[in-house]
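Q: I'd like to ask some things about the structure below.
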Amino acid sequence: MLESSCAGGGILTDRKHRLGVLASGRGSNLQAIIDACADGRLDAVVAVVISDNEDAFALSRAKDAGIRAEFIPWVKGKRTDWEAKAVEILNEEGCELVCLAGYMRIAGSTLLNAFKNRVLNIHPALLPSFPGLHAQEQAFDWGVKISGCTVHFVTDDLDMGPIILQKAVQVREDDTAESLADRILEQEHKAYPEAIGLALSGRTELTGRKVKVK
Ligand code: GRF
């Protein structure tokens with residue numbers, strides 16, 4: 001359904017949009033999405049949270065909010081099986097969009113083909129600079145003066161999918177990698193709900209690797 005939204009058609013529905021979230025850890029971005037749904041900034045609900053980590057705090061956040069929380073054990077070399085199970089659950093819940101929020105696995109073709117142009121990710125740097133792990137530290141160590149965060153559609157090219165929106169964060173003289181990461185995280189919590197809202201709104205148009213916002 002989002003494909004028509006990307007083409008400018010919008011998603012016509014009289015019910016709230018249903019989101020699936022994949023998370024491996026503390027889930028602060030998940031919480032920001034849940035809060036945006038609760039206070040009406042997003043006309044959506046988080047229908048299910050799926051994790052590859054049984055102890056992920058994201059799962060507790062989901063349960064606290066009354067959201068279905070699913071742990072799928074990760075078996076090395078069995079990405080396709082993990083994703084097939086996740087896709088089954090996401091479809092069962094009628095999810096239109098899948099949000100990766102601190103999901104520490106690479107998204108493979110089983111997930112990406114099932115949700116073509118409908119998987120989003122948030123990254124704590126201004127892509128295409130500093131992809132991969134520990135992006136805030138990479139940027140800090142490089143000595144950049146501005147960093148930030150990026151929300152993008154996920155493709156099979158890690159952290160390189162079409163960019164929906166970015167927020168910049170100035171690096172201060174007295175910053176440490178940690179203090180910079182904290183300020184970037186504050187912006188992530190604003191950026192992710194905004195980007196989800198755009199993706200659901202029908203105001204985005206995907207042309208090649210460019211996301212135009214009408
Ligand atoms: C965030 O910094 C996000 O950008 C990155 O992983 C971290 C997840 O944090 N992809 P949280 O679990 O959402 O608190």
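Chains: A, B, ... in order of the structure tokens. Residues: from 1 per chain. Ligands: from 1, in order shown.
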Quick one: which chain A residues come within 8 Å of ligand 1, and what is the nearest atom pair for each with the distance in Å to one decimal, counting only C-alpha atoms and all ligand atoms, rows ordered by chain and ascending number, as a tab-separated table?
A:
residue	atom	partner	partner_atom_place_in_ligand_line	distance
A:Ala23	CA	ligand 1	12 (O)	6.6
A:Ser24	CA	ligand 1	12 (O)	6.8
A:Gly25	CA	ligand 1	12 (O)	4.7
A:Arg26	CA	ligand 1	12 (O)	4.1
A:Gly27	CA	ligand 1	12 (O)	3.5
A:Ser28	CA	ligand 1	14 (O)	3.5
A:Asn29	CA	ligand 1	13 (O)	3.6
A:Leu30	CA	ligand 1	13 (O)	5.8
A:Gln31	CA	ligand 1	13 (O)	7.7
A:Ala58	CA	ligand 1	12 (O)	7.0
A:Leu100	CA	ligand 1	10 (N)	7.5
A:Ala101	CA	ligand 1	13 (O)	5.1
A:Gly102	CA	ligand 1	8 (C)	3.5
A:Tyr103	CA	ligand 1	10 (N)	6.6
A:Met104	CA	ligand 1	10 (N)	7.6
A:Asn121	CA	ligand 1	10 (N)	6.9
A:Ile122	CA	ligand 1	4 (O)	4.8
A:His123	CA	ligand 1	4 (O)	3.9
A:Pro124	CA	ligand 1	4 (O)	4.2
A:Ala125	CA	ligand 1	4 (O)	7.8
A:Cys149	CA	ligand 1	4 (O)	7.0
A:Thr150	CA	ligand 1	4 (O)	8.0
A:Ala181	CA	ligand 1	2 (O)	7.6
A:Ile184	CA	ligand 1	2 (O)	7.8
A:Leu185	CA	ligand 1	2 (O)	6.0
A:Glu188	CA	ligand 1	4 (O)	6.6
Q: With a distance cut-off of 8 Å and only C-alpha atoms, select the neighbouring residues of stretch 61-67 of chain A, excluding the residue or stretch itself and same-chain residues fewer than 4 positions from it, and output the selection as a count of residues only.
A: 8
Q: Which of these, A:Arg105, A:Ala195, A:Glu178, A:Lys190, has the shortest distance to A:Asp159 once you count only C-alpha atoms?
A: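 Looking only at the distances to A:Asp159, the closest residue turns out to be A:Arg105.
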Q: Give the strand (DSSP E) residues of stretch 14-152 of chain A, as assigned by DSSP on the backbone, as JSON, numbers by chain.
A: {"A": [17, 18, 19, 20, 21, 22, 44, 45, 46, 47, 48, 49, 50, 51, 68, 69, 70, 71, 97, 98, 99, 100, 119, 120, 121, 122, 123, 146, 147, 148, 149, 150, 151, 152]}
Q: Can you pull out every residue within 12 Å of A:Gly148, counting only C-alpha atoms, but drop anything in the same chain fewer than 2 positions away, and send it as a ChimeraX atom specification?
A: /A:122-130,135-137,139-140,144-146,150-151,165-171,180-191
Q: Can you tell me, as a list in words, what residues are no more than 10 Å from A:Val45 when counting only C-alpha atoms, ignoring any on the same chain fewer than 5 positions away?
A: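 In the requested form, the answer reads Arg15, Lys16, His17, Arg18, Leu19, Gly20, Ile33, Ile34, Asp35, Ala36, Cys37, Ala38, Gly40, Ile67 and Cys95 of chain A.
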Q: Write the residues you've just listed into a file as a compact mmCIF listing (two decimals), in the first residue's frame, and include N, CA and C atoms for each of them.
A:
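Wrote selection.txt, looks like this:
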# COMPACT_ATOMS: atom_id res chain seq x y z
N ARG A 15 -9.12 3.56 8.97
CA ARG A 15 -8.59 3.14 10.25
C ARG A 15 -7.13 3.59 10.34
N LYS A 16 -6.58 3.43 11.54
CA LYS A 16 -5.22 3.90 11.73
C LYS A 16 -4.24 3.01 10.97
N HIS A 17 -3.16 3.63 10.51
CA HIS A 17 -2.10 2.86 9.85
C HIS A 17 -1.46 1.93 10.86
N ARG A 18 -1.06 0.78 10.38
CA ARG A 18 -0.48 -0.22 11.30
C ARG A 18 1.02 -0.38 11.01
N LEU A 19 1.80 -0.21 12.06
CA LEU A 19 3.26 -0.27 11.95
C LEU A 19 3.79 -1.52 12.62
N GLY A 20 4.83 -2.09 12.04
CA GLY A 20 5.58 -3.14 12.70
C GLY A 20 6.96 -2.58 13.01
N ILE A 33 8.12 6.41 18.82
CA ILE A 33 7.06 6.11 17.83
C ILE A 33 5.75 5.81 18.57
N ILE A 34 5.84 5.03 19.64
CA ILE A 34 4.64 4.72 20.43
C ILE A 34 4.03 6.02 20.95
N ASP A 35 4.88 6.92 21.47
CA ASP A 35 4.38 8.19 22.04
C ASP A 35 3.72 9.05 20.95
N ALA A 36 4.34 9.06 19.76
CA ALA A 36 3.77 9.87 18.68
C ALA A 36 2.42 9.32 18.23
N CYS A 37 2.26 8.00 18.30
CA CYS A 37 0.96 7.39 17.98
C CYS A 37 -0.05 7.76 19.07
N ALA A 38 0.41 7.73 20.31
CA ALA A 38 -0.51 7.97 21.44
C ALA A 38 -0.98 9.42 21.49
N GLY A 40 -1.21 11.50 18.97
CA GLY A 40 -1.89 11.94 17.75
C GLY A 40 -0.99 12.56 16.70
N ILE A 67 1.18 -3.69 23.47
CA ILE A 67 1.46 -4.03 22.07
C ILE A 67 1.98 -5.47 22.00
N CYS A 95 0.48 -5.05 8.92
CA CYS A 95 1.42 -3.91 8.95
C CYS A 95 1.63 -3.36 7.54
